[in-house]
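Below: target_4.tsv (TSV, C-alpha atoms)
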chain	number	residue	atom	x	y	z
A	146	MET	CA	12.36	-4.61	9.84
A	147	ASP	CA	13.33	-1.67	12.01
A	148	GLU	CA	10.75	0.08	14.14
A	149	ASN	CA	12.97	3.12	14.43
A	150	LYS	CA	13.03	5.71	11.71
A	151	GLN	CA	15.64	5.61	8.96
A	152	SER	CA	16.39	7.88	6.03
A	153	ILE	CA	16.29	6.78	2.43
A	154	PHE	CA	19.05	9.33	1.72
A	155	ARG	CA	21.49	8.12	4.39
A	156	ASP	CA	23.75	5.14	4.98
A	157	ILE	CA	24.80	4.97	1.37
A	158	PRO	CA	27.65	2.49	0.89
A	159	ARG	CA	30.93	4.12	-0.01
A	160	ASP	CA	31.76	1.33	-2.41
A	161	LEU	CA	29.19	1.36	-5.18
A	162	SER	CA	31.19	-0.57	-7.73
A	163	ASP	CA	28.07	-2.73	-7.96
A	164	GLU	CA	24.50	-1.49	-7.91
A	165	PHE	CA	23.22	-1.71	-4.32
A	166	PHE	CA	20.01	-3.51	-3.32
A	167	GLU	CA	18.60	-3.34	0.20
A	168	VAL	CA	15.33	-4.76	1.50
A	169	ILE	CA	13.70	-2.14	3.73
A	170	ALA	CA	10.62	-4.15	4.65
A	171	SER	CA	9.07	-7.38	3.52
A	172	SER	CA	6.27	-9.72	4.45
A	173	GLY	CA	4.63	-12.53	2.54
A	174	ASP	CA	4.46	-11.53	-1.10
A	175	VAL	CA	5.52	-7.93	-0.56
A	176	LYS	CA	9.02	-6.50	-0.67
A	177	ILE	CA	10.02	-2.86	-0.31
A	178	GLU	CA	13.51	-2.27	-1.61
A	179	ARG	CA	15.97	0.58	-1.89
A	180	ILE	CA	18.21	0.47	-4.94
A	181	ILE	CA	21.20	2.76	-5.42
A	182	SER	CA	22.81	3.15	-8.83
A	183	ARG	CA	25.88	5.21	-9.68
A	184	GLY	CA	25.82	5.20	-13.44
A	185	HIS	CA	24.89	1.52	-13.44
A	186	THR	CA	22.58	-0.18	-15.86
A	187	SER	CA	20.87	-3.49	-15.11
A	188	PRO	CA	20.49	-6.31	-15.64
A	189	GLN	CA	23.91	-6.86	-17.21
A	190	THR	CA	22.33	-8.62	-20.17
A	191	GLY	CA	18.77	-9.12	-21.31
A	192	TRP	CA	15.67	-7.94	-19.47
A	193	TYR	CA	14.07	-8.08	-16.07
A	194	ASP	CA	11.11	-10.43	-16.47
A	195	GLN	CA	9.52	-10.52	-13.04
A	196	ALA	CA	6.76	-12.71	-11.66
A	197	GLN	CA	5.61	-9.82	-9.47
A	198	ASN	CA	4.27	-6.35	-10.12
A	199	GLU	CA	6.70	-3.54	-9.39
A	200	TRP	CA	5.95	0.04	-8.45
A	201	VAL	CA	9.12	2.10	-8.63
A	202	MET	CA	10.01	5.72	-7.87
A	203	VAL	CA	13.20	7.73	-8.21
A	204	LEU	CA	13.95	9.68	-5.04
A	205	GLN	CA	17.25	11.26	-6.03
A	206	GLY	CA	19.21	11.40	-9.27
A	207	GLU	CA	17.81	10.27	-12.58
A	208	GLY	CA	17.26	6.97	-14.33
A	209	GLN	CA	15.94	5.65	-17.58
A	210	LEU	CA	13.89	2.51	-18.09
A	211	THR	CA	13.63	0.81	-21.46
A	212	PHE	CA	10.80	-1.61	-22.13
A	213	SER	CA	10.94	-4.49	-24.60
A	214	ASP	CA	8.33	-2.74	-26.76
A	215	GLY	CA	10.83	0.07	-27.31
A	216	ARG	CA	9.27	2.52	-24.89
A	217	ILE	CA	11.79	4.63	-22.96
A	218	VAL	CA	10.81	6.37	-19.73
A	219	THR	CA	13.09	8.78	-17.90
A	220	LEU	CA	12.38	9.28	-14.20
A	221	VAL	CA	13.61	12.18	-12.08
A	222	ALA	CA	13.09	12.67	-8.34
A	223	GLY	CA	9.48	12.06	-7.39
A	224	GLU	CA	8.53	10.33	-10.60
A	225	HIS	CA	7.14	6.83	-10.39
A	226	ILE	CA	5.79	4.17	-12.67
A	227	HIS	CA	3.97	0.88	-12.39
A	228	ILE	CA	5.56	-2.12	-14.12
A	229	PRO	CA	3.16	-5.06	-14.38
A	230	ALA	CA	4.45	-8.60	-13.81
A	231	HIS	CA	6.27	-10.00	-16.85
A	232	CYS	CA	6.53	-6.60	-18.50
A	233	LYS	CA	10.12	-6.91	-19.72
A	234	HIS	CA	12.27	-3.91	-18.89
A	235	LYS	CA	15.75	-2.81	-18.02
A	236	VAL	CA	17.49	0.14	-16.42
A	237	SER	CA	19.15	1.43	-19.57
A	238	TRP	CA	20.80	4.51	-18.04
A	239	THR	CA	21.37	6.21	-14.73
A	240	LYS	CA	22.97	9.59	-14.19
A	241	PRO	CA	26.76	9.24	-14.01
A	242	ASP	CA	28.70	10.49	-10.97
A	243	THR	CA	25.47	10.68	-8.98
A	244	ASP	CA	23.78	8.34	-6.55
A	245	THR	CA	20.42	7.59	-8.06
A	246	ILE	CA	18.14	6.30	-5.31
A	247	TRP	CA	15.13	4.18	-6.25
A	248	LEU	CA	12.33	2.89	-4.11
A	249	ALA	CA	10.72	-0.27	-5.44
A	250	VAL	CA	7.70	-2.14	-4.12
A	251	PHE	CA	7.26	-5.67	-5.42
A	252	TYR	CA	3.89	-7.33	-4.94
A	253	THR	CA	1.69	-10.05	-6.36
B	132	MET	CA	-3.05	1.79	-11.99
B	133	ASP	CA	-1.38	3.97	-14.56
B	134	GLU	CA	1.39	2.57	-16.73
B	135	ASN	CA	2.60	6.05	-17.55
B	136	LYS	CA	4.88	7.88	-15.19
B	137	GLN	CA	3.49	10.30	-12.63
B	138	SER	CA	5.12	12.54	-10.06
B	139	ILE	CA	4.51	12.29	-6.35
B	140	PHE	CA	5.08	16.06	-6.15
B	141	ARG	CA	2.52	17.06	-8.79
B	142	ASP	CA	-1.27	17.16	-9.16
B	143	ILE	CA	-1.76	18.37	-5.63
B	144	PRO	CA	-5.39	19.39	-5.03
B	145	ARG	CA	-5.85	23.11	-4.55
B	146	ASP	CA	-8.47	22.51	-1.89
B	147	LEU	CA	-6.80	20.78	1.03
B	148	SER	CA	-9.37	21.64	3.66
B	149	ASP	CA	-9.33	17.90	4.36
B	150	GLU	CA	-6.29	15.66	4.37
B	151	PHE	CA	-5.97	14.05	0.94
B	152	PHE	CA	-5.68	10.29	0.39
B	153	GLU	CA	-4.95	8.79	-3.05
B	154	VAL	CA	-4.35	5.17	-3.95
B	155	ILE	CA	-1.42	5.02	-6.36
B	156	ALA	CA	-1.39	1.27	-6.83
B	157	SER	CA	-3.08	-1.69	-5.22
B	158	SER	CA	-3.45	-5.39	-5.67
B	159	GLY	CA	-4.71	-8.07	-3.31
B	160	ASP	CA	-3.58	-7.20	0.18
B	161	VAL	CA	-1.25	-4.39	-0.88
B	162	LYS	CA	-2.06	-0.72	-1.17
B	163	ILE	CA	0.35	2.08	-2.05
B	164	GLU	CA	-1.07	5.44	-1.06
B	165	ARG	CA	-0.12	9.10	-1.29
B	166	ILE	CA	-1.28	11.25	1.59
B	167	ILE	CA	-1.07	15.04	1.59
B	168	SER	CA	-1.45	16.99	4.83
B	169	ARG	CA	-1.46	20.76	5.22
B	170	GLY	CA	-1.20	21.18	8.95
B	171	HIS	CA	-3.69	18.36	9.46
B	172	THR	CA	-3.61	15.81	12.21
B	173	SER	CA	-5.39	12.47	11.97
B	174	PRO	CA	-7.47	10.64	12.88
B	175	GLN	CA	-9.75	13.35	14.29
B	176	THR	CA	-10.11	11.41	17.54
B	177	GLY	CA	-8.43	8.34	18.97
B	178	TRP	CA	-5.82	6.24	17.19
B	179	TYR	CA	-5.22	4.43	13.95
B	180	ASP	CA	-5.45	0.74	14.83
B	181	GLN	CA	-4.82	-1.03	11.54
B	182	ALA	CA	-5.15	-4.69	10.63
B	183	GLN	CA	-2.26	-4.28	8.17
B	184	ASN	CA	1.38	-3.36	8.48
B	185	GLU	CA	2.26	0.10	7.24
B	186	TRP	CA	5.55	1.38	5.92
B	187	VAL	CA	5.46	5.14	5.64
B	188	MET	CA	7.88	7.81	4.39
B	189	VAL	CA	7.73	11.60	4.27
B	190	LEU	CA	8.71	12.91	0.83
B	191	GLN	CA	8.18	16.61	1.42
B	192	GLY	CA	7.39	18.71	4.47
B	193	GLU	CA	7.47	17.33	7.98
B	194	GLY	CA	5.20	15.25	10.15
B	195	GLN	CA	5.07	13.82	13.64
B	196	LEU	CA	3.69	10.46	14.66
B	197	THR	CA	2.66	9.72	18.22
B	198	PHE	CA	2.33	6.12	19.37
B	199	SER	CA	0.04	4.92	22.15
B	200	ASP	CA	3.08	4.02	24.26
B	201	GLY	CA	4.02	7.72	24.29
B	202	ARG	CA	6.76	7.50	21.68
B	203	ILE	CA	6.93	10.52	19.36
B	204	VAL	CA	8.71	10.29	16.01
B	205	THR	CA	9.28	13.28	13.75
B	206	LEU	CA	9.85	12.53	10.07
B	207	VAL	CA	11.40	14.89	7.53
B	208	ALA	CA	11.84	14.28	3.81
B	209	GLY	CA	13.35	10.87	3.16
B	210	GLU	CA	12.67	9.50	6.63
B	211	HIS	CA	10.58	6.39	6.93
B	212	ILE	CA	9.31	4.07	9.61
B	213	HIS	CA	7.63	0.69	9.88
B	214	ILE	CA	4.38	0.55	11.84
B	215	PRO	CA	3.35	-3.05	12.62
B	216	ALA	CA	-0.33	-4.03	12.40
B	217	HIS	CA	-2.32	-2.93	15.45
B	218	CYS	CA	0.43	-0.61	16.64
B	219	LYS	CA	-1.78	2.29	17.66
B	220	HIS	CA	-0.61	5.63	16.35
B	221	LYS	CA	-1.75	9.00	15.09
B	222	VAL	CA	-0.42	11.87	13.05
B	223	SER	CA	-0.09	14.35	15.90
B	224	TRP	CA	1.38	17.24	13.91
B	225	THR	CA	2.26	18.25	10.38
B	226	LYS	CA	4.08	21.39	9.31
B	227	PRO	CA	1.62	24.27	8.94
B	228	ASP	CA	1.36	26.19	5.65
B	229	THR	CA	3.22	23.40	3.87
B	230	ASP	CA	2.10	20.40	1.86
B	231	THR	CA	3.50	17.40	3.68
B	232	ILE	CA	3.57	14.49	1.25
B	233	TRP	CA	3.58	10.95	2.66
B	234	LEU	CA	4.00	7.66	0.86
B	235	ALA	CA	2.39	4.74	2.68
B	236	VAL	CA	2.51	1.06	1.79
B	237	PHE	CA	-0.07	-1.12	3.56
B	238	TYR	CA	0.45	-4.87	3.49
B	239	THR	CA	-0.43	-8.02	5.37
Represent the structure contained in this file as structure tokens.
Amino acid sequence: MDENKQSIFRDIPRDLSDEFFEVIASSGDVKIERIISRGHTSPQTGWYDQAQNEWVMVLQGEGQLTFSDGRIVTLVAGEHIHIPAHCKHKVSWTKPDTDTIWLAVFYT
Amino acid sequence: MDENKQSIFRDIPRDLSDEFFEVIASSGDVKIERIISRGHTSPQTGWYDQAQNEWVMVLQGEGQLTFSDGRIVTLVAGEHIHIPAHCKHKVSWTKPDTDTIWLAVFYT
């Protein structure tokens, strides 16, 4: 938890062979996370089935979420969506050759 | 709490004679808010002295925070800072003739 300013667009790891997850701030039941994808999809198999609500926004690049009910939502920079707890979903596509930067807030 | 996607850059009120505050998502002790300033400073007098922690990022435009210890922090798009509970601060400047869009997460 840094009290100095940081930029969501900077300090991007050079090696992004794996999707990158970084906790920006957290306290109690709340976690604010930066996620950087470079063509990644996740999870590797199956769905995210989370105990917490997630509010997620794309800040750079482009990503696609697929929900277990078949719904597909594409997010470009500035677009955000609320994913209720236990709403099964996955990142089914992110723009290749680009760093897609997500901001996710997890909360109960 | 909308389960469809929205854009942080869209649906900006035409009338911004007052600073604009909009709750994007909230639950329990957590509130995710969009704030739009057009040259505004806030609060009108004194300081924000909040019972909750705040994590805040500028998404568009430019804003300046002043803290009661004299520290001044300017944030441009993508820059974010953590403001602990009861850390007195104010928005001492925002870019004139521009919509400065802030994302704030308040949590305990």
Each chain B residue no farther than 7 Å from chain A, nearest pair in Å, all atoms listed in the file, as JSON lines:
{"residue": "B:Asp133", "atom": "CA", "partner": "A:His227", "partner_atom": "CA", "distance": 6.5}
{"residue": "B:Glu134", "atom": "CA", "partner": "A:His227", "partner_atom": "CA", "distance": 5.3}
{"residue": "B:Asn135", "atom": "CA", "partner": "A:Ile226", "partner_atom": "CA", "distance": 6.1}
{"residue": "B:Lys136", "atom": "CA", "partner": "A:Ile226", "partner_atom": "CA", "distance": 4.6}
{"residue": "B:Gln137", "atom": "CA", "partner": "A:Glu224", "partner_atom": "CA", "distance": 5.4}
{"residue": "B:Ser138", "atom": "CA", "partner": "A:Glu224", "partner_atom": "CA", "distance": 4.1}
{"residue": "B:Ile139", "atom": "CA", "partner": "A:Gly223", "partner_atom": "CA", "distance": 5.1}
{"residue": "B:Phe140", "atom": "CA", "partner": "A:Gly223", "partner_atom": "CA", "distance": 6.1}
{"residue": "B:Ser158", "atom": "CA", "partner": "A:Thr253", "partner_atom": "CA", "distance": 7.0}
{"residue": "B:Gly209", "atom": "CA", "partner": "A:Ile153", "partner_atom": "CA", "distance": 5.1}
{"residue": "B:Glu210", "atom": "CA", "partner": "A:Ser152", "partner_atom": "CA", "distance": 4.1}
{"residue": "B:His211", "atom": "CA", "partner": "A:Lys150", "partner_atom": "CA", "distance": 5.4}
{"residue": "B:Ile212", "atom": "CA", "partner": "A:Lys150", "partner_atom": "CA", "distance": 4.6}
{"residue": "B:His213", "atom": "CA", "partner": "A:Glu148", "partner_atom": "CA", "distance": 5.3}
{"residue": "B:Ile214", "atom": "CA", "partner": "A:Glu148", "partner_atom": "CA", "distance": 6.8}
{"residue": "B:Thr239", "atom": "CA", "partner": "A:Ser172", "partner_atom": "CA", "distance": 7.0}
Go ahead and save the picked residues with C-alpha atoms, as a PDB file, in the frame of the given file.
ATOM      1  CA  ASP B 133      -1.380   3.970 -14.560  1.00  0.00           C
ATOM      2  CA  GLU B 134       1.390   2.570 -16.730  1.00  0.00           C
ATOM      3  CA  ASN B 135       2.600   6.050 -17.550  1.00  0.00           C
ATOM      4  CA  LYS B 136       4.880   7.880 -15.190  1.00  0.00           C
ATOM      5  CA  GLN B 137       3.490  10.300 -12.630  1.00  0.00           C
ATOM      6  CA  SER B 138       5.120  12.540 -10.060  1.00  0.00           C
ATOM      7  CA  ILE B 139       4.510  12.290  -6.350  1.00  0.00           C
ATOM      8  CA  PHE B 140       5.080  16.060  -6.150  1.00  0.00           C
ATOM      9  CA  SER B 158      -3.450  -5.390  -5.670  1.00  0.00           C
ATOM     10  CA  GLY B 209      13.350  10.870   3.160  1.00  0.00           C
ATOM     11  CA  GLU B 210      12.670   9.500   6.630  1.00  0.00           C
ATOM     12  CA  HIS B 211      10.580   6.390   6.930  1.00  0.00           C
ATOM     13  CA  ILE B 212       9.310   4.070   9.610  1.00  0.00           C
ATOM     14  CA  HIS B 213       7.630   0.690   9.880  1.00  0.00           C
ATOM     15  CA  ILE B 214       4.380   0.550  11.840  1.00  0.00           C
ATOM     16  CA  THR B 239      -0.430  -8.020   5.370  1.00  0.00           C
TER      17      THR B 239
END
Write out chain A, as a PDB file with C-alpha atoms, in the frame of the given file, after superposing it onto chain B by least squares using every C-alpha atom paired in order.
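Below is the file out15.pdb, written as the result:
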ATOM      1  CA  MET A 146      -3.082   1.783 -12.029  1.00  0.00           C
ATOM      2  CA  ASP A 147      -1.363   3.955 -14.602  1.00  0.00           C
ATOM      3  CA  GLU A 148       1.402   2.555 -16.759  1.00  0.00           C
ATOM      4  CA  ASN A 149       2.614   6.039 -17.564  1.00  0.00           C
ATOM      5  CA  LYS A 150       4.879   7.871 -15.193  1.00  0.00           C
ATOM      6  CA  GLN A 151       3.490  10.294 -12.627  1.00  0.00           C
ATOM      7  CA  SER A 152       5.114  12.539 -10.053  1.00  0.00           C
ATOM      8  CA  ILE A 153       4.501  12.285  -6.346  1.00  0.00           C
ATOM      9  CA  PHE A 154       5.068  16.061  -6.136  1.00  0.00           C
ATOM     10  CA  ARG A 155       2.516  17.057  -8.789  1.00  0.00           C
ATOM     11  CA  ASP A 156      -1.251  17.171  -9.154  1.00  0.00           C
ATOM     12  CA  ILE A 157      -1.754  18.382  -5.626  1.00  0.00           C
ATOM     13  CA  PRO A 158      -5.378  19.392  -5.031  1.00  0.00           C
ATOM     14  CA  ARG A 159      -5.848  23.103  -4.553  1.00  0.00           C
ATOM     15  CA  ASP A 160      -8.453  22.520  -1.887  1.00  0.00           C
ATOM     16  CA  LEU A 161      -6.788  20.770   1.019  1.00  0.00           C
ATOM     17  CA  SER A 162      -9.344  21.646   3.651  1.00  0.00           C
ATOM     18  CA  ASP A 163      -9.326  17.908   4.347  1.00  0.00           C
ATOM     19  CA  GLU A 164      -6.282  15.668   4.377  1.00  0.00           C
ATOM     20  CA  PHE A 165      -5.966  14.053   0.932  1.00  0.00           C
ATOM     21  CA  PHE A 166      -5.681  10.292   0.372  1.00  0.00           C
ATOM     22  CA  GLU A 167      -4.967   8.797  -3.044  1.00  0.00           C
ATOM     23  CA  VAL A 168      -4.356   5.162  -3.944  1.00  0.00           C
ATOM     24  CA  ILE A 169      -1.424   5.015  -6.369  1.00  0.00           C
ATOM     25  CA  ALA A 170      -1.380   1.253  -6.833  1.00  0.00           C
ATOM     26  CA  SER A 171      -3.075  -1.685  -5.216  1.00  0.00           C
ATOM     27  CA  SER A 172      -3.461  -5.403  -5.668  1.00  0.00           C
ATOM     28  CA  GLY A 173      -4.709  -8.083  -3.324  1.00  0.00           C
ATOM     29  CA  ASP A 174      -3.558  -7.216   0.169  1.00  0.00           C
ATOM     30  CA  VAL A 175      -1.243  -4.401  -0.878  1.00  0.00           C
ATOM     31  CA  LYS A 176      -2.054  -0.718  -1.172  1.00  0.00           C
ATOM     32  CA  ILE A 177       0.339   2.093  -2.041  1.00  0.00           C
ATOM     33  CA  GLU A 178      -1.078   5.444  -1.052  1.00  0.00           C
ATOM     34  CA  ARG A 179      -0.122   9.089  -1.285  1.00  0.00           C
ATOM     35  CA  ILE A 180      -1.289  11.240   1.603  1.00  0.00           C
ATOM     36  CA  ILE A 181      -1.081  15.031   1.603  1.00  0.00           C
ATOM     37  CA  SER A 182      -1.457  16.989   4.827  1.00  0.00           C
ATOM     38  CA  ARG A 183      -1.459  20.762   5.217  1.00  0.00           C
ATOM     39  CA  GLY A 184      -1.190  21.171   8.945  1.00  0.00           C
ATOM     40  CA  HIS A 185      -3.679  18.351   9.458  1.00  0.00           C
ATOM     41  CA  THR A 186      -3.603  15.805  12.214  1.00  0.00           C
ATOM     42  CA  SER A 187      -5.393  12.460  11.989  1.00  0.00           C
ATOM     43  CA  PRO A 188      -7.455  10.637  12.885  1.00  0.00           C
ATOM     44  CA  GLN A 189      -9.750  13.327  14.285  1.00  0.00           C
ATOM     45  CA  THR A 190     -10.104  11.413  17.536  1.00  0.00           C
ATOM     46  CA  GLY A 191      -8.416   8.354  18.957  1.00  0.00           C
ATOM     47  CA  TRP A 192      -5.804   6.245  17.191  1.00  0.00           C
ATOM     48  CA  TYR A 193      -5.228   4.437  13.945  1.00  0.00           C
ATOM     49  CA  ASP A 194      -5.446   0.745  14.822  1.00  0.00           C
ATOM     50  CA  GLN A 195      -4.837  -1.031  11.540  1.00  0.00           C
ATOM     51  CA  ALA A 196      -5.152  -4.689  10.622  1.00  0.00           C
ATOM     52  CA  GLN A 197      -2.270  -4.286   8.172  1.00  0.00           C
ATOM     53  CA  ASN A 198       1.380  -3.365   8.476  1.00  0.00           C
ATOM     54  CA  GLU A 199       2.255   0.108   7.250  1.00  0.00           C
ATOM     55  CA  TRP A 200       5.557   1.379   5.928  1.00  0.00           C
ATOM     56  CA  VAL A 201       5.455   5.152   5.647  1.00  0.00           C
ATOM     57  CA  MET A 202       7.868   7.812   4.392  1.00  0.00           C
ATOM     58  CA  VAL A 203       7.724  11.593   4.274  1.00  0.00           C
ATOM     59  CA  LEU A 204       8.692  12.907   0.847  1.00  0.00           C
ATOM     60  CA  GLN A 205       8.175  16.618   1.419  1.00  0.00           C
ATOM     61  CA  GLY A 206       7.384  18.703   4.483  1.00  0.00           C
ATOM     62  CA  GLU A 207       7.467  17.331   7.990  1.00  0.00           C
ATOM     63  CA  GLY A 208       5.187  15.251  10.165  1.00  0.00           C
ATOM     64  CA  GLN A 209       5.065  13.831  13.631  1.00  0.00           C
ATOM     65  CA  LEU A 210       3.689  10.457  14.655  1.00  0.00           C
ATOM     66  CA  THR A 211       2.660   9.709  18.218  1.00  0.00           C
ATOM     67  CA  PHE A 212       2.328   6.118  19.363  1.00  0.00           C
ATOM     68  CA  SER A 213       0.046   4.927  22.154  1.00  0.00           C
ATOM     69  CA  ASP A 214       3.105   4.031  24.247  1.00  0.00           C
ATOM     70  CA  GLY A 215       4.023   7.720  24.284  1.00  0.00           C
ATOM     71  CA  ARG A 216       6.763   7.512  21.688  1.00  0.00           C
ATOM     72  CA  ILE A 217       6.935  10.520  19.354  1.00  0.00           C
ATOM     73  CA  VAL A 218       8.711  10.291  16.005  1.00  0.00           C
ATOM     74  CA  THR A 219       9.273  13.283  13.748  1.00  0.00           C
ATOM     75  CA  LEU A 220       9.848  12.524  10.069  1.00  0.00           C
ATOM     76  CA  VAL A 221      11.390  14.893   7.533  1.00  0.00           C
ATOM     77  CA  ALA A 222      11.846  14.280   3.803  1.00  0.00           C
ATOM     78  CA  GLY A 223      13.337  10.862   3.171  1.00  0.00           C
ATOM     79  CA  GLU A 224      12.666   9.511   6.625  1.00  0.00           C
ATOM     80  CA  HIS A 225      10.573   6.389   6.937  1.00  0.00           C
ATOM     81  CA  ILE A 226       9.307   4.076   9.610  1.00  0.00           C
ATOM     82  CA  HIS A 227       7.626   0.710   9.855  1.00  0.00           C
ATOM     83  CA  ILE A 228       4.373   0.550  11.834  1.00  0.00           C
ATOM     84  CA  PRO A 229       3.344  -3.029  12.608  1.00  0.00           C
ATOM     85  CA  ALA A 230      -0.329  -4.021  12.396  1.00  0.00           C
ATOM     86  CA  HIS A 231      -2.316  -2.937  15.460  1.00  0.00           C
ATOM     87  CA  CYS A 232       0.430  -0.620  16.659  1.00  0.00           C
ATOM     88  CA  LYS A 233      -1.787   2.301  17.672  1.00  0.00           C
ATOM     89  CA  HIS A 234      -0.603   5.639  16.342  1.00  0.00           C
ATOM     90  CA  LYS A 235      -1.736   9.000  15.119  1.00  0.00           C
ATOM     91  CA  VAL A 236      -0.410  11.879  13.059  1.00  0.00           C
ATOM     92  CA  SER A 237      -0.093  14.349  15.912  1.00  0.00           C
ATOM     93  CA  TRP A 238       1.396  17.235  13.911  1.00  0.00           C
ATOM     94  CA  THR A 239       2.252  18.245  10.387  1.00  0.00           C
ATOM     95  CA  LYS A 240       4.079  21.380   9.333  1.00  0.00           C
ATOM     96  CA  PRO A 241       1.625  24.270   8.952  1.00  0.00           C
ATOM     97  CA  ASP A 242       1.350  26.185   5.662  1.00  0.00           C
ATOM     98  CA  THR A 243       3.215  23.398   3.878  1.00  0.00           C
ATOM     99  CA  ASP A 244       2.100  20.405   1.869  1.00  0.00           C
ATOM    100  CA  THR A 245       3.493  17.416   3.674  1.00  0.00           C
ATOM    101  CA  ILE A 246       3.555  14.487   1.258  1.00  0.00           C
ATOM    102  CA  TRP A 247       3.589  10.950   2.644  1.00  0.00           C
ATOM    103  CA  LEU A 248       3.985   7.669   0.866  1.00  0.00           C
ATOM    104  CA  ALA A 249       2.395   4.746   2.676  1.00  0.00           C
ATOM    105  CA  VAL A 250       2.494   1.062   1.794  1.00  0.00           C
ATOM    106  CA  PHE A 251      -0.066  -1.112   3.544  1.00  0.00           C
ATOM    107  CA  TYR A 252       0.458  -4.862   3.492  1.00  0.00           C
ATOM    108  CA  THR A 253      -0.430  -8.012   5.375  1.00  0.00           C
TER     109      THR A 253
END
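One finds CA of Ile217 in chain A at 27.3 Å from CA of Ala235 in chain B.
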* **Distance in Å - CA of Ser173 in chain B versus CA of Arg145 in chain B** =>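 Taking CA of Ser173 in chain B as the start and CA of Arg145 in chain B as the end point, the length is 19.7 Å.
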* Which residues come within 7 Å of Arg169 in chain B, counting all atoms listed in the file, excluding same-chain residues fewer than 2 positions away, as a list of chain:residue names? -> B:Leu147, B:Ile167, B:His171, B:Thr225, B:Lys226, B:Pro227, B:Asp228, B:Thr229, B:Asp230, B:Thr231
* **Contacts of Ile180 in chain A within 7 Å, all atoms listed in the file, excl. fewer than 4 positions in-chain, as a ChimeraX atom specification** => /A:165-167,246-248
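Interatomic distance, CA of Phe198 in chain B against CA of Asp180 in chain B: 10.5 Å.
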Limit the output to C-alpha atoms and give range 234-251 of chain A as a tab-separated table (two decimals), in the first residue's frame.
chain	number	residue	atom	x	y	z
A	234	HIS	CA	-16.93	-16.54	-16.31
A	235	LYS	CA	-13.62	-16.66	-18.09
A	236	VAL	CA	-11.35	-14.38	-20.07
A	237	SER	CA	-11.89	-16.03	-23.44
A	238	TRP	CA	-9.74	-13.65	-25.51
A	239	THR	CA	-7.38	-10.73	-25.15
A	240	LYS	CA	-5.86	-8.73	-27.95
A	241	PRO	CA	-2.67	-10.40	-29.21
A	242	ASP	CA	0.64	-8.52	-29.25
A	243	THR	CA	-0.81	-5.89	-26.92
A	244	ASP	CA	-0.69	-5.38	-23.18
A	245	THR	CA	-4.29	-5.44	-22.05
A	246	ILE	CA	-4.48	-3.77	-18.65
A	247	TRP	CA	-7.41	-4.58	-16.37
A	248	LEU	CA	-8.40	-3.06	-13.08
A	249	ALA	CA	-10.40	-5.39	-10.86
A	250	VAL	CA	-12.02	-4.67	-7.51
A	251	PHE	CA	-13.04	-7.72	-5.51
